[in-house]
Amino acid sequence: MTLTPEIPPEFTRHYPNMALARLGCRVVAASDDFFADKARLIAPQAPVFIPDKFDEHGKWMDGWETRRRRGTGNDWCIVQLGQAVEIAGVNIDTSHFTGNYPHAAALEYSNDSADTGAEAIKWRPLIAPMALNGDSHHYVSTEPASARWLRLSIYPDGGIARLRVHGRVVSAVVAGEECDLAAIVNGGRVIAVSDSHFGAPE
């Protein structure tokens, strides 16, 4: 389902975003990122638009952006999560991409081990190809899926500002070892707050 930014779905409040570098997540490969670095896809801050900012490739955009394709096929980006995550839902965010956003996107997942090479990963569908709008949040709740890897495919090319992956860590606790059970990386999560006007509870 797709909702307006003013009405984020329940999973965004009950499950933290696990696609963050501080949690060990990284963008490991992309078919192309000529116009905007693939690493920006998981930047923690909200995307921004700076009207007079340019770089050697043209207009600077806060996200991942590929070149226009001249032939067949589509662009893609592979994300490695820091831990095995049971996904509850995602947000494919095209904020500030207006004329250069993809027509559609799809998401696949894999629970292959962390040391599997990207070329050897066995992918399973998580979100079927769905139409995208420019400068919009696309919230999609998913069936529970345990994932260590994600492949975001865009059709055929263009820019995505952020990918947010909401879920919880599949048990990372090791018997006999001391750990912080309230930490996100060990499966802890905030399930309710009285107020969050000045900051997210995570």
# chains A, B, ... in the order shown; residues from 1 in each chain; ligands from 1

call {"tool": "residues_around", "arguments": {"residues": "region 65-75 of chain A", "least_positions_apart": "5", "cutoff": "12 Å", "atoms": "only C-alpha atoms", "output": "number ranges by chain"}}
result
A: 29-41, 57-60, 94, 96-97, 99-106, 129, 151-162

call {"tool": "closest_residue", "arguments": {"among": "A:Asp180, A:Thr12, A:Asp93, A:Ile78", "to": "Asp62 (chain A)", "atoms": "only C-alpha atoms"}}
result
A:Asp93

call {"tool": "select_by_dssp", "arguments": {"residues": "chain A", "states": "strand (DSSP E or B)", "output": "ChimeraX atom specification"}}
result
/A:17,26-30,36,54-55,58-59,64-65,75-93,104-110,124-131,137-155,159-160,162-169

call {"tool": "closest_residue", "arguments": {"among": "A:Val165, A:Val27, A:Ile121, A:Cys77", "to": "Thr142 (chain A)", "atoms": "only C-alpha atoms"}}
result
A:Val165

call {"tool": "decode", "arguments": {"residues": "region 34-62 of chain A", "atoms": "N, CA, C and O atoms", "output": "compact mmCIF listing (two decimals), in the first residue's frame"}}
result
# COMPACT_ATOMS: atom_id res chain seq x y z
N PHE A 34 26.13 6.96 -11.27
CA PHE A 34 26.88 8.05 -11.87
C PHE A 34 26.47 9.42 -11.32
O PHE A 34 27.30 10.26 -11.02
N PHE A 35 25.16 9.64 -11.18
CA PHE A 35 24.68 10.97 -10.79
C PHE A 35 24.61 11.18 -9.28
O PHE A 35 24.68 12.31 -8.81
N ALA A 36 24.42 10.12 -8.51
CA ALA A 36 24.35 10.26 -7.05
C ALA A 36 24.75 8.95 -6.40
O ALA A 36 24.26 7.88 -6.77
N ASP A 37 25.65 9.05 -5.43
CA ASP A 37 26.29 7.91 -4.78
C ASP A 37 25.29 6.97 -4.12
O ASP A 37 24.42 7.39 -3.35
N LYS A 38 25.43 5.69 -4.41
CA LYS A 38 24.54 4.66 -3.86
C LYS A 38 24.53 4.65 -2.34
O LYS A 38 23.54 4.27 -1.71
N ALA A 39 25.64 5.07 -1.69
CA ALA A 39 25.73 5.05 -0.22
C ALA A 39 24.71 5.98 0.42
O ALA A 39 24.31 5.77 1.58
N ARG A 40 24.25 7.00 -0.30
CA ARG A 40 23.28 7.95 0.26
C ARG A 40 21.92 7.30 0.47
O ARG A 40 21.07 7.85 1.19
N LEU A 41 21.71 6.15 -0.14
CA LEU A 41 20.41 5.48 -0.03
C LEU A 41 20.06 5.17 1.42
O LEU A 41 18.88 5.14 1.79
N ILE A 42 21.05 4.94 2.29
CA ILE A 42 20.78 4.58 3.68
C ILE A 42 21.26 5.67 4.65
O ILE A 42 21.43 5.39 5.84
N ALA A 43 21.48 6.88 4.17
CA ALA A 43 21.87 7.97 5.06
C ALA A 43 20.81 8.14 6.15
O ALA A 43 19.61 8.05 5.88
N PRO A 44 21.22 8.40 7.39
CA PRO A 44 20.25 8.45 8.49
C PRO A 44 19.33 9.66 8.48
O PRO A 44 18.19 9.59 8.94
N GLN A 45 19.82 10.79 7.98
CA GLN A 45 19.02 12.01 8.01
C GLN A 45 18.03 12.03 6.84
O GLN A 45 18.21 11.35 5.84
N ALA A 46 16.99 12.84 7.00
CA ALA A 46 16.02 13.00 5.92
C ALA A 46 16.70 13.65 4.72
O ALA A 46 17.58 14.49 4.88
N PRO A 47 16.32 13.26 3.50
CA PRO A 47 16.94 13.86 2.30
C PRO A 47 16.62 15.35 2.19
O PRO A 47 15.57 15.81 2.62
N VAL A 48 17.57 16.08 1.60
CA VAL A 48 17.41 17.52 1.43
C VAL A 48 17.57 17.88 -0.04
O VAL A 48 18.14 17.11 -0.82
N PHE A 49 17.09 19.06 -0.38
CA PHE A 49 17.29 19.60 -1.73
C PHE A 49 17.99 20.95 -1.60
O PHE A 49 17.50 21.84 -0.90
N ILE A 50 19.14 21.10 -2.26
CA ILE A 50 19.91 22.33 -2.22
C ILE A 50 19.94 22.89 -3.64
O ILE A 50 20.65 22.36 -4.50
N PRO A 51 19.16 23.92 -3.92
CA PRO A 51 18.97 24.38 -5.31
C PRO A 51 20.25 24.70 -6.06
O PRO A 51 20.36 24.40 -7.25
N ASP A 52 21.23 25.31 -5.39
CA ASP A 52 22.42 25.77 -6.12
C ASP A 52 23.64 24.86 -5.92
O ASP A 52 24.77 25.28 -6.16
N LYS A 53 23.41 23.61 -5.52
CA LYS A 53 24.53 22.68 -5.31
C LYS A 53 24.71 21.79 -6.54
O LYS A 53 23.77 21.09 -6.95
N PHE A 54 25.92 21.80 -7.11
CA PHE A 54 26.26 20.98 -8.26
C PHE A 54 27.59 20.28 -7.99
O PHE A 54 28.39 20.71 -7.16
N ASP A 55 27.82 19.19 -8.70
CA ASP A 55 29.12 18.53 -8.65
C ASP A 55 29.58 18.24 -10.08
O ASP A 55 29.00 18.77 -11.04
N GLU A 56 30.61 17.41 -10.23
CA GLU A 56 31.17 17.19 -11.57
C GLU A 56 30.22 16.47 -12.51
O GLU A 56 30.44 16.42 -13.72
N HIS A 57 29.13 15.89 -11.98
CA HIS A 57 28.18 15.18 -12.82
C HIS A 57 26.90 15.98 -13.06
O HIS A 57 25.98 15.48 -13.69
N GLY A 58 26.84 17.19 -12.51
CA GLY A 58 25.65 18.01 -12.72
C GLY A 58 24.97 18.33 -11.40
O GLY A 58 25.62 18.51 -10.38
N LYS A 59 23.64 18.39 -11.41
CA LYS A 59 22.90 18.75 -10.21
C LYS A 59 23.11 17.72 -9.12
O LYS A 59 22.89 16.53 -9.32
N TRP A 60 23.54 18.17 -7.94
CA TRP A 60 23.73 17.27 -6.79
C TRP A 60 22.37 16.88 -6.23
O TRP A 60 21.51 17.73 -6.00
N MET A 61 22.18 15.56 -6.04
CA MET A 61 20.93 15.07 -5.47
C MET A 61 21.23 14.19 -4.27
O MET A 61 22.20 13.42 -4.26
N ASP A 62 20.40 14.30 -3.27
CA ASP A 62 20.60 13.57 -2.01
C ASP A 62 19.91 12.22 -2.09
O ASP A 62 18.76 12.05 -1.66
